[in-house]
$ cat model-v7.txt   # compact mmCIF, C-alpha atoms
# COMPACT_ATOMS: atom_id res chain seq x y z
CA ARG A 78 78.98 -92.47 -66.60
CA ASP A 79 78.12 -90.35 -69.63
CA TYR A 80 80.81 -87.71 -69.87
CA LYS A 81 79.46 -84.45 -71.19
CA VAL A 82 81.01 -82.64 -74.13
CA THR A 83 79.14 -79.66 -75.49
CA GLY A 84 79.42 -77.44 -78.50
CA VAL A 85 81.48 -79.59 -80.83
CA GLN A 86 81.53 -76.94 -83.51
CA THR A 87 83.55 -73.98 -84.75
CA CYS A 88 85.81 -72.02 -82.40
CA ALA A 89 85.48 -68.28 -82.03
CA LEU A 90 87.00 -65.81 -79.59
CA PRO A 91 85.10 -64.43 -76.61
CA SER A 92 84.20 -60.77 -76.42
CA ILE A 93 87.47 -59.33 -75.13
CA ASP A 94 89.61 -56.37 -76.03
CA SER A 95 90.96 -57.27 -79.46
CA THR A 96 94.25 -55.56 -78.66
CA ARG A 97 94.86 -58.11 -75.89
CA ALA A 98 93.68 -61.30 -77.58
CA THR A 99 96.36 -63.93 -78.11
CA ALA A 100 96.66 -67.49 -79.34
CA ALA A 101 96.21 -68.57 -75.73
CA ASP A 102 92.75 -66.96 -75.77
CA LEU A 103 91.94 -68.98 -78.87
CA LEU A 104 93.07 -72.19 -77.16
CA VAL A 105 91.08 -71.47 -74.01
CA ASN A 106 87.91 -70.56 -75.88
CA CYS A 107 88.13 -73.57 -78.20
CA LEU A 108 88.33 -75.75 -75.10
CA ARG A 109 85.39 -73.90 -73.55
CA THR A 110 83.43 -74.48 -76.76
CA HIS A 111 84.08 -78.20 -76.34
CA GLY A 112 82.90 -78.18 -72.72
CA LEU A 113 85.88 -77.27 -70.53
CA SER A 114 84.38 -76.42 -67.13
CA ALA A 115 87.29 -76.01 -64.70
CA VAL A 116 91.06 -75.56 -64.63
CA PHE A 117 93.48 -76.75 -61.94
CA GLY A 118 97.11 -75.76 -62.04
CA MET A 119 100.14 -73.63 -61.26
CA PRO A 120 101.42 -70.62 -63.21
CA GLY A 121 105.06 -70.43 -64.26
CA ASN A 122 107.44 -68.76 -66.63
CA GLN A 123 106.56 -71.04 -69.56
CA ASN A 124 102.77 -70.85 -69.29
CA ILE A 125 102.22 -67.25 -68.18
CA ALA A 126 100.51 -66.21 -71.44
CA LEU A 127 98.10 -69.13 -71.03
CA TYR A 128 97.36 -68.00 -67.49
CA ASP A 129 96.62 -64.49 -68.73
CA ALA A 130 94.00 -66.02 -71.04
CA ILE A 131 92.57 -68.14 -68.21
CA LEU A 132 92.29 -65.01 -66.06
CA ARG A 133 90.40 -63.25 -68.85
CA ALA A 134 88.02 -66.23 -69.05
CA GLU A 135 87.08 -66.05 -65.37
CA PRO A 136 84.58 -66.28 -63.73
CA THR A 137 82.87 -68.40 -66.39
CA LEU A 138 85.89 -70.71 -66.37
CA PRO A 139 86.93 -71.19 -62.72
CA HIS A 140 90.59 -71.79 -61.88
CA TYR A 141 91.85 -73.58 -58.78
CA LEU A 142 95.42 -72.85 -57.72
CA VAL A 143 97.45 -75.81 -56.42
CA ARG A 144 100.83 -76.13 -54.74
CA HIS A 145 102.01 -79.21 -56.62
CA GLU A 146 101.38 -80.40 -60.17
CA GLN A 147 100.29 -83.84 -59.05
CA ALA A 148 97.48 -82.20 -57.10
CA ALA A 149 96.36 -80.40 -60.28
CA SER A 150 95.97 -83.60 -62.28
CA MET A 151 94.44 -85.52 -59.38
CA MET A 152 91.87 -82.77 -58.80
CA ALA A 153 91.05 -82.46 -62.51
CA SER A 154 90.56 -86.23 -62.69
CA GLY A 155 88.37 -86.19 -59.59
CA PHE A 156 86.30 -83.31 -60.97
CA THR A 157 85.62 -85.25 -64.18
CA ARG A 158 84.84 -88.49 -62.34
CA ALA A 159 82.40 -86.74 -59.99
CA SER A 160 80.67 -84.38 -62.42
CA GLY A 161 81.12 -85.92 -65.86
CA ARG A 162 82.40 -82.56 -67.12
CA MET A 163 85.74 -81.74 -68.71
CA ALA A 164 88.52 -80.34 -66.54
CA ALA A 165 92.12 -79.46 -67.32
CA ALA A 166 95.37 -79.67 -65.39
CA VAL A 167 97.84 -76.93 -66.37
CA THR A 168 101.57 -77.25 -65.67
CA VAL A 169 104.93 -75.93 -66.76
CA PRO A 170 107.04 -78.26 -68.92
CA GLY A 171 109.66 -80.74 -67.75
CA PRO A 172 109.47 -81.43 -64.01
CA GLY A 173 105.99 -79.92 -63.79
CA ALA A 174 104.66 -82.15 -66.54
CA ALA A 175 106.37 -85.18 -65.01
CA ASN A 176 104.91 -84.43 -61.57
CA ALA A 177 101.41 -84.51 -63.08
CA ALA A 178 101.93 -87.89 -64.73
CA ALA A 179 100.74 -90.09 -61.85
CA ALA A 180 97.10 -89.04 -62.26
CA VAL A 181 97.41 -89.24 -66.05
CA ILE A 182 98.53 -92.87 -65.79
CA ASP A 183 95.67 -93.55 -63.38
CA ALA A 184 93.19 -91.97 -65.83
CA PHE A 185 94.66 -94.04 -68.66
CA ASN A 186 94.12 -97.28 -66.75
CA ASP A 187 90.61 -96.27 -65.64
CA CYS A 188 89.57 -94.83 -69.05
CA ILE A 189 88.90 -91.36 -67.64
CA PRO A 190 88.85 -88.44 -70.14
CA LEU A 191 91.47 -86.15 -68.54
CA LEU A 192 93.00 -83.11 -70.24
CA SER A 193 96.55 -81.97 -69.45
CA ILE A 194 97.89 -78.69 -70.85
CA VAL A 195 101.64 -78.40 -70.52
CA GLY A 196 103.92 -75.52 -71.34
CA GLY A 197 106.38 -75.95 -74.16
CA PHE A 198 109.57 -74.30 -75.34
CA GLU A 199 110.23 -71.25 -77.46
CA LYS A 200 110.73 -71.84 -81.15
CA GLY A 201 114.39 -70.89 -81.09
CA ALA A 202 115.13 -73.38 -78.32
CA ARG A 203 113.72 -76.37 -80.18
CA LYS A 204 116.91 -76.76 -82.22
CA HIS A 205 118.62 -77.90 -79.01
CA HIS A 206 118.24 -81.26 -77.30
CA PRO A 207 115.65 -81.09 -74.49
CA SER A 208 118.34 -81.98 -71.95
CA LYS A 209 120.05 -78.66 -72.75
CA LEU A 210 116.95 -76.56 -72.00
CA PHE A 211 115.53 -75.10 -68.81
CA HIS A 212 112.92 -77.61 -67.62
CA GLY A 213 113.83 -79.64 -70.70
CA LEU A 214 112.00 -82.87 -71.42
CA ASP A 215 110.89 -84.68 -74.57
CA GLN A 216 107.29 -84.47 -73.41
CA GLU A 217 105.77 -86.33 -76.35
CA ALA A 218 108.06 -89.33 -75.83
CA PHE A 219 107.36 -89.18 -72.10
CA TYR A 220 103.56 -89.06 -72.37
CA ARG A 221 102.91 -91.22 -75.44
CA PRO A 222 102.83 -94.62 -73.64
CA PHE A 223 99.93 -93.62 -71.36
CA THR A 224 97.85 -91.08 -73.28
CA ARG A 225 95.34 -91.32 -76.13
CA PHE A 226 96.70 -88.23 -77.90
CA PHE A 227 99.56 -85.73 -77.69
CA GLY A 228 99.18 -82.52 -79.67
CA SER A 229 101.57 -79.61 -80.03
CA PRO A 230 100.41 -76.87 -82.40
CA ARG A 231 103.24 -74.94 -84.02
CA ARG A 232 101.11 -72.28 -85.70
CA LEU A 233 98.09 -70.34 -84.54
CA LYS A 234 95.76 -71.81 -87.15
CA GLU A 235 96.58 -75.34 -85.96
CA ILE A 236 95.12 -74.74 -82.48
CA PRO A 237 91.42 -75.49 -83.24
CA ARG A 238 92.31 -78.70 -85.07
CA VAL A 239 94.56 -79.90 -82.24
CA VAL A 240 91.80 -79.18 -79.72
CA GLU A 241 89.27 -81.10 -81.80
CA GLN A 242 91.62 -84.06 -82.19
CA ALA A 243 92.26 -84.07 -78.45
CA VAL A 244 88.54 -84.03 -77.63
CA CYS A 245 87.86 -86.82 -80.14
CA ALA A 246 90.60 -88.99 -78.63
CA MET A 247 89.60 -88.19 -75.04
CA HIS A 248 85.99 -89.29 -75.62
CA GLY A 249 86.64 -92.04 -78.15
CA VAL A 250 85.58 -95.68 -78.04
CA ARG A 251 88.07 -96.15 -75.21
CA PRO A 252 88.22 -92.82 -73.32
CA GLY A 253 91.41 -91.64 -71.71
CA PRO A 254 93.79 -88.77 -71.01
CA VAL A 255 95.19 -86.43 -73.65
CA VAL A 256 97.92 -83.81 -73.59
CA ILE A 257 98.16 -80.46 -75.38
CA GLU A 258 101.56 -78.78 -75.38
CA ILE A 259 101.55 -75.03 -76.06
CA ASP A 260 104.82 -73.14 -76.63
CA PRO A 261 105.13 -69.83 -74.73
CA ASP A 262 105.91 -67.76 -77.81
CA LEU A 263 102.92 -69.21 -79.67
CA ALA A 264 100.63 -68.70 -76.66
CA ALA A 265 101.63 -65.02 -76.51
CA GLN A 266 101.19 -64.44 -80.26
CA PRO A 267 98.64 -61.66 -80.92
CA LEU A 268 95.63 -62.40 -83.09
CA ARG A 269 94.95 -60.36 -86.19
CA SER A 270 91.43 -59.12 -86.86
CA GLU A 271 90.72 -61.66 -89.61
CA GLU A 272 91.66 -64.47 -87.23
CA HIS A 273 89.06 -63.24 -84.74
CA THR A 274 86.17 -63.82 -87.12
CA SER A 275 87.29 -66.80 -89.17
CA GLU A 276 85.49 -70.09 -88.58
CA LEU A 277 87.91 -72.98 -88.44
CA GLN A 278 86.50 -76.43 -89.06
CA SER A 279 87.93 -79.88 -89.50
CA PRO A 280 86.60 -83.39 -90.29
CA CYS A 281 87.12 -84.23 -86.63
CA ASN A 282 83.95 -82.28 -85.82
CA LEU A 283 81.83 -84.87 -87.60
CA VAL A 284 83.59 -87.74 -85.82
CA CYS A 285 83.02 -86.06 -82.44
CA ARG A 286 79.33 -85.54 -83.17
CA LEU A 287 78.89 -89.18 -84.14
CA LEU A 288 80.64 -90.34 -80.97
CA LEU A 289 78.58 -88.02 -78.78
CA GLU A 290 75.32 -89.09 -80.37
CA LYS A 291 76.07 -92.67 -79.35
CA LYS A 292 76.68 -91.81 -75.70
$ encode --input "model-v7.txt" --output "structure tokens"
Amino acid sequence: RDYKVTGVQTCALPSIDSTRATAADLLVNCLRTHGLSAVFGMPGNQNIALYDAILRAEPTLPHYLVRHEQAASMMASGFTRASGRMAAAVTVPGPGAANAAAAVIDAFNDCIPLLSIVGGFEKGARKHHPSKLFHGLDQEAFYRPFTRFFGSPRRLKEIPRVVEQAVCAMHGVRPGPVVIEIDPDLAAQPLRSEEHTSELQSPCNLVCRLLLEKK
């Protein structure tokens, strides 16, 4: 199957109230620019800002509420297998991310381009060992063995590059699942006016275009 990725280009914000726009809106719209077509997941304390952005993106980006994180990743994988379009599974960190892992492993073995977006931890909490945190888990160490890429932007301006790297890895020579971890304090960070209009590019754009042209 030829999996469809569209708009591998610069990321800009949608037309929303600038007083409400956050880094989560930037993440969501960058993913939409790269072809994200559906979201499956569960809201929680550590991804609520991301869910606010998803709500603002509806109805052009449909969201399907699940009752268990494994269902989110299974449904996102099934959506991609059936339609060839990108879908995302959204979970809280720790147990939520671990619950979603079964479908991620399945996608890794079957070379299915699956996107998982997991909540992270506030900046001040990162000085502590994950075992000391609420829903604590070293998510990069957990996911690395069965994903093509794990990205965790620490600053707002890193979000477009992380998205591009994830899309490149997801649709590479050997497709597979990728994970983007977004911290709650970063997701809720307001955007300044100059960040609304800036065009953020990276060399990964060229790599993505070359890969897509060969599909």
$ residues_around --input "model-v7.txt" --residues "Pro254 (chain A)" --least-positions-apart "4" --cutoff "7 Å" --atoms "all atoms listed in the file" --output "mmCIF file with C-alpha atoms, in the frame of the given file"
data_model
loop_
_atom_site.group_PDB
_atom_site.id
_atom_site.type_symbol
_atom_site.label_atom_id
_atom_site.label_comp_id
_atom_site.auth_asym_id
_atom_site.auth_seq_id
_atom_site.Cartn_x
_atom_site.Cartn_y
_atom_site.Cartn_z
ATOM 1 C CA VAL A 181 97.410 -89.240 -66.050
ATOM 2 C CA ALA A 184 93.190 -91.970 -65.830
ATOM 3 C CA PHE A 185 94.660 -94.040 -68.660
ATOM 4 C CA ILE A 189 88.900 -91.360 -67.640
ATOM 5 C CA PRO A 190 88.850 -88.440 -70.140
ATOM 6 C CA LEU A 191 91.470 -86.150 -68.540
ATOM 7 C CA LEU A 192 93.000 -83.110 -70.240
ATOM 8 C CA THR A 224 97.850 -91.080 -73.280
ATOM 9 C CA ARG A 225 95.340 -91.320 -76.130
ATOM 10 C CA MET A 247 89.600 -88.190 -75.040
#
$ atom_distance --input "model-v7.txt" --atom1 "CA of Gln242 (chain A)" --atom2 "CA of Ile257 (chain A)"
10.1 Å
$ closest_residue --input "model-v7.txt" --among "A:Ala174, A:Gly118, A:Lys200, A:Ala264" --to "Tyr220 (chain A)" --atoms "all atoms listed in the file"
A:Ala174
$ residues_near_point --input "model-v7.txt" --point "(98.0, -88.0, -58.6)" --cutoff "12 Å" --atoms "all atoms listed in the file" --output "ChimeraX atom specification"
/A:145-155,166,174-184
$ atom_distance --input "model-v7.txt" --atom1 "CA of Ile131 (chain A)" --atom2 "CA of Gly253 (chain A)"
23.8 Å
$ atom_distance --input "model-v7.txt" --atom1 "CA of Val169 (chain A)" --atom2 "CA of Gly121 (chain A)"
6.0 Å
$ axis_aligned_box --input "model-v7.txt" --around "region 253-271 of chain A" --padding-each-side "8 Å" --output "lines of an AutoDock Vina configuration file"
center_x = 98.3
center_y = -75.4
center_z = -80.3
size_x = 31.2
size_y = 48.5
size_z = 34.6
$ closest_residue --input "model-v7.txt" --among "A:Ala265, A:Ala115, A:Leu104, A:Arg162" --to "Ser229 (chain A)" --atoms "only C-alpha atoms"
A:Leu104
$ closest_residue --input "model-v7.txt" --among "A:Arg97, A:His140, A:Arg231, A:Arg133" --to "Ala165 (chain A)" --atoms "all atoms listed in the file"
A:His140
$ closest_residue --input "model-v7.txt" --among "A:Arg232, A:Arg144, A:Cys107, A:Leu132" --to "Gln266 (chain A)" --atoms "only C-alpha atoms"
A:Arg232
$ closest_residue --input "model-v7.txt" --among "A:Ile194, A:Leu268, A:Ala243, A:Ala218" --to "Asn124 (chain A)" --atoms "all atoms listed in the file"
A:Ile194
$ closest_residue --input "model-v7.txt" --among "A:Tyr141, A:Tyr128, A:Phe198, A:Phe117" --to "Asp215 (chain A)" --atoms "all atoms listed in the file"
A:Phe198
$ decode --input "model-v7.txt" --residues "region 232-248 of chain A" --atoms "N, CA and C atoms" --output "tab-separated table (two decimals), in the first residue's frame"
chain	number	residue	atom	x	y	z
A	232	ARG	N	11.67	22.86	23.61
A	232	ARG	CA	11.34	24.26	23.36
A	232	ARG	C	10.36	24.34	22.20
A	233	LEU	N	9.61	25.43	22.18
A	233	LEU	CA	8.57	25.59	21.17
A	233	LEU	C	9.13	25.50	19.76
A	234	LYS	N	10.26	26.13	19.52
A	234	LYS	CA	10.79	26.17	18.16
A	234	LYS	C	11.29	24.81	17.68
A	235	GLU	N	11.42	23.84	18.57
A	235	GLU	CA	11.86	22.51	18.19
A	235	GLU	C	10.71	21.65	17.66
A	236	ILE	N	9.47	22.08	17.87
A	236	ILE	CA	8.32	21.24	17.51
A	236	ILE	C	8.25	20.92	16.02
A	237	PRO	N	8.36	21.91	15.11
A	237	PRO	CA	8.30	21.55	13.68
A	237	PRO	C	9.38	20.57	13.25
A	238	ARG	N	10.59	20.74	13.77
A	238	ARG	CA	11.68	19.83	13.39
A	238	ARG	C	11.41	18.42	13.90
A	239	VAL	N	10.92	18.28	15.12
A	239	VAL	CA	10.61	16.96	15.66
A	239	VAL	C	9.52	16.29	14.84
A	240	VAL	N	8.50	17.06	14.45
A	240	VAL	CA	7.43	16.51	13.62
A	240	VAL	C	7.98	16.02	12.29
A	241	GLU	N	8.82	16.81	11.67
A	241	GLU	CA	9.40	16.43	10.38
A	241	GLU	C	10.26	15.18	10.50
A	242	GLN	N	11.05	15.10	11.57
A	242	GLN	CA	11.88	13.92	11.78
A	242	GLN	C	11.02	12.68	12.00
A	243	ALA	N	9.92	12.86	12.74
A	243	ALA	CA	9.02	11.73	12.97
A	243	ALA	C	8.39	11.25	11.68
A	244	VAL	N	7.93	12.18	10.84
A	244	VAL	CA	7.31	11.81	9.57
A	244	VAL	C	8.32	11.12	8.65
A	245	CYS	N	9.54	11.64	8.62
A	245	CYS	CA	10.59	11.02	7.80
A	245	CYS	C	10.84	9.58	8.23
A	246	ALA	N	10.95	9.38	9.56
A	246	ALA	CA	11.22	8.03	10.07
A	246	ALA	C	10.03	7.10	9.86
A	247	MET	N	8.83	7.63	10.02
A	247	MET	CA	7.62	6.82	9.90
A	247	MET	C	7.42	6.29	8.49
A	248	HIS	N	7.84	7.09	7.49
A	248	HIS	CA	7.65	6.72	6.09
A	248	HIS	C	8.99	6.48	5.39
